[in-house]
Amino acid sequence: AALELSGGGQLHVGNLATSRDFTDVRDVAAAYVELLASGRRGHTYNVCSGATRSARELIEELLGLVGASIEVIEDPSLRRPTDTARVRASNAKLYADTGFKPSIPISVTLADTLDYWRQQLAGESGTD
């Protein structure tokens with residue numbers, strides 16, 4: 001959002017090949033409510049989407065939402081030596097016990113997050 005506001009530029013990132021199971025925080029909060037109501041006491045649950053997306057996919061989707069030219073540069077100094085290549089969890093037990101499934105697509109999460117930061121930066125620059 002800051003690069004968009006300034007008209008574009010370079011974004012230095014770490015390893016874009018890693019994949020993670022991303023879940024919108026609003027879905028996570030809703031899952032917690034369901035677990036309080038229907039979860040089994042003493043059991044452990046994975047609150048997750050059950051799908052993985054690479055950092056590269058997320059960056060590409062965000063760049064598609066931005067109204068400026070941004071060059072993404074993978075910077076080896078930003079790589080974490082202990083970074084796990086792929087993290088994915090199963091939400092089967094959560095669904096079986098509560099019927100809960102995430103409902104907010106990652107595209108909505110990304111768009112809403114970008115909009116939030118656009119609003120924050122607009123407030124800082126006094127263009128609100």
# chains A, B, ... in the order shown; residues from 1 in each chain; ligands from 1
call {"tool": "residues_around", "arguments": {"residues": "Lys93 of chain A", "least_positions_apart": "4", "cutoff": "8 Å", "atoms": "only C-alpha atoms", "output": "list of chain:residue names"}}
result
A:Tyr45, A:Asn46, A:Asp97
call {"tool": "select_by_dssp", "arguments": {"residues": "chain A", "states": "helix (DSSP H, G or I)", "output": "ChimeraX atom specification"}}
result
/A:2-5,25-38,55-65,76-78,92-98,106-125
call {"tool": "residues_around", "arguments": {"residues": "Ser49 of chain A", "least_positions_apart": "4", "cutoff": "8 Å", "atoms": "only C-alpha atoms", "output": "list in words"}}
result
Asp21, Phe22, Thr23, Ala89, Ser90, Asn91, Lys101 and Pro102 of chain A
call {"tool": "write_last_selection", "arguments": {"atoms": "C-alpha atoms", "output": "PDB file, in the first residue's frame"}}
result
ATOM      1  CA  ASP A  21      -2.048 -22.617   5.131  1.00  0.00           C
ATOM      2  CA  PHE A  22      -3.524 -19.118   5.425  1.00  0.00           C
ATOM      3  CA  THR A  23      -6.844 -18.482   7.171  1.00  0.00           C
ATOM      4  CA  ALA A  89      -2.894 -28.615   8.307  1.00  0.00           C
ATOM      5  CA  SER A  90      -6.086 -30.619   8.290  1.00  0.00           C
ATOM      6  CA  ASN A  91      -9.339 -29.137   9.566  1.00  0.00           C
ATOM      7  CA  LYS A 101     -15.544 -24.478   7.467  1.00  0.00           C
ATOM      8  CA  PRO A 102     -13.742 -21.255   6.589  1.00  0.00           C
TER       9      PRO A 102
END
call {"tool": "atom_distance", "arguments": {"atom1": "atom CA of Arg41 of chain A", "atom2": "atom CA of Tyr95 of chain A"}}
result
15.5 Å
call {"tool": "decode", "arguments": {"residues": "segment 30-43 of chain A", "atoms": "all heavy atoms", "output": "compact mmCIF listing (two decimals), in the first residue's frame"}}
result
# COMPACT_ATOMS: atom_id res chain seq x y z
N ALA A 30 -14.43 -16.97 14.24
CA ALA A 30 -15.69 -17.72 14.15
C ALA A 30 -15.49 -19.18 14.53
O ALA A 30 -16.35 -19.79 15.18
CB ALA A 30 -16.26 -17.60 12.74
N ALA A 31 -14.35 -19.75 14.16
CA ALA A 31 -14.06 -21.14 14.53
C ALA A 31 -13.93 -21.28 16.04
O ALA A 31 -14.42 -22.25 16.64
CB ALA A 31 -12.78 -21.61 13.84
N TYR A 32 -13.30 -20.31 16.68
CA TYR A 32 -13.18 -20.34 18.14
C TYR A 32 -14.55 -20.32 18.81
O TYR A 32 -14.79 -21.03 19.79
CB TYR A 32 -12.33 -19.18 18.65
CG TYR A 32 -10.85 -19.27 18.34
CD1 TYR A 32 -10.03 -18.17 18.52
CD2 TYR A 32 -10.26 -20.43 17.87
CE1 TYR A 32 -8.67 -18.22 18.26
CE2 TYR A 32 -8.91 -20.50 17.59
CZ TYR A 32 -8.13 -19.39 17.78
OH TYR A 32 -6.78 -19.45 17.52
N VAL A 33 -15.45 -19.52 18.29
CA VAL A 33 -16.81 -19.47 18.83
C VAL A 33 -17.47 -20.84 18.69
O VAL A 33 -18.11 -21.34 19.63
CB VAL A 33 -17.65 -18.36 18.14
CG1 VAL A 33 -19.12 -18.47 18.50
CG2 VAL A 33 -17.10 -16.99 18.49
N GLU A 34 -17.32 -21.45 17.53
CA GLU A 34 -17.90 -22.78 17.31
C GLU A 34 -17.27 -23.82 18.24
O GLU A 34 -17.96 -24.70 18.76
CB GLU A 34 -17.72 -23.22 15.85
CG GLU A 34 -18.58 -22.44 14.88
CD GLU A 34 -20.08 -22.61 15.14
OE1 GLU A 34 -20.51 -23.74 15.48
OE2 GLU A 34 -20.79 -21.62 15.02
N LEU A 35 -15.97 -23.71 18.44
CA LEU A 35 -15.30 -24.65 19.34
C LEU A 35 -15.77 -24.49 20.78
O LEU A 35 -15.94 -25.48 21.50
CB LEU A 35 -13.78 -24.49 19.25
CG LEU A 35 -13.15 -25.10 18.01
CD1 LEU A 35 -11.72 -24.63 17.83
CD2 LEU A 35 -13.21 -26.62 18.08
N LEU A 36 -16.01 -23.25 21.20
CA LEU A 36 -16.53 -23.04 22.55
C LEU A 36 -17.90 -23.68 22.71
O LEU A 36 -18.23 -24.21 23.77
CB LEU A 36 -16.61 -21.54 22.86
CG LEU A 36 -15.27 -20.86 23.10
CD1 LEU A 36 -15.44 -19.35 23.16
CD2 LEU A 36 -14.63 -21.37 24.39
N ALA A 37 -18.68 -23.65 21.64
CA ALA A 37 -20.04 -24.21 21.70
C ALA A 37 -20.06 -25.71 21.49
O ALA A 37 -20.84 -26.42 22.14
CB ALA A 37 -20.92 -23.52 20.65
N SER A 38 -19.23 -26.23 20.59
CA SER A 38 -19.37 -27.63 20.16
C SER A 38 -18.10 -28.46 20.25
O SER A 38 -18.16 -29.66 19.99
CB SER A 38 -19.86 -27.67 18.71
OG SER A 38 -21.03 -26.93 18.54
N GLY A 39 -16.98 -27.85 20.56
CA GLY A 39 -15.74 -28.61 20.62
C GLY A 39 -15.71 -29.54 21.82
O GLY A 39 -16.42 -29.34 22.81
N ARG A 40 -14.90 -30.59 21.71
CA ARG A 40 -14.77 -31.55 22.81
C ARG A 40 -13.67 -31.11 23.77
O ARG A 40 -12.54 -30.86 23.35
CB ARG A 40 -14.47 -32.94 22.26
CG ARG A 40 -15.67 -33.53 21.52
CD ARG A 40 -15.40 -34.92 21.04
NE ARG A 40 -14.56 -34.85 19.83
CZ ARG A 40 -13.82 -35.85 19.39
NH1 ARG A 40 -13.78 -37.00 20.04
NH2 ARG A 40 -13.10 -35.70 18.30
N ARG A 41 -14.03 -30.98 25.01
CA ARG A 41 -13.10 -30.54 26.06
C ARG A 41 -11.87 -31.43 26.08
O ARG A 41 -11.97 -32.65 26.01
CB ARG A 41 -13.82 -30.57 27.40
CG ARG A 41 -12.98 -30.07 28.51
CD ARG A 41 -13.70 -30.20 29.86
NE ARG A 41 -13.14 -29.20 30.72
CZ ARG A 41 -13.83 -28.27 31.32
NH1 ARG A 41 -15.13 -28.23 31.22
NH2 ARG A 41 -13.23 -27.38 32.08
N GLY A 42 -10.70 -30.79 26.15
CA GLY A 42 -9.44 -31.52 26.23
C GLY A 42 -8.89 -31.95 24.88
O GLY A 42 -7.82 -32.55 24.82
N HIS A 43 -9.59 -31.66 23.80
CA HIS A 43 -9.13 -32.04 22.46
C HIS A 43 -8.41 -30.87 21.79
O HIS A 43 -8.65 -29.72 22.11
CB HIS A 43 -10.29 -32.51 21.59
CG HIS A 43 -10.77 -33.87 21.95
ND1 HIS A 43 -10.60 -34.95 21.13
CD2 HIS A 43 -11.39 -34.33 23.06
CE1 HIS A 43 -11.11 -36.03 21.71
NE2 HIS A 43 -11.60 -35.68 22.88
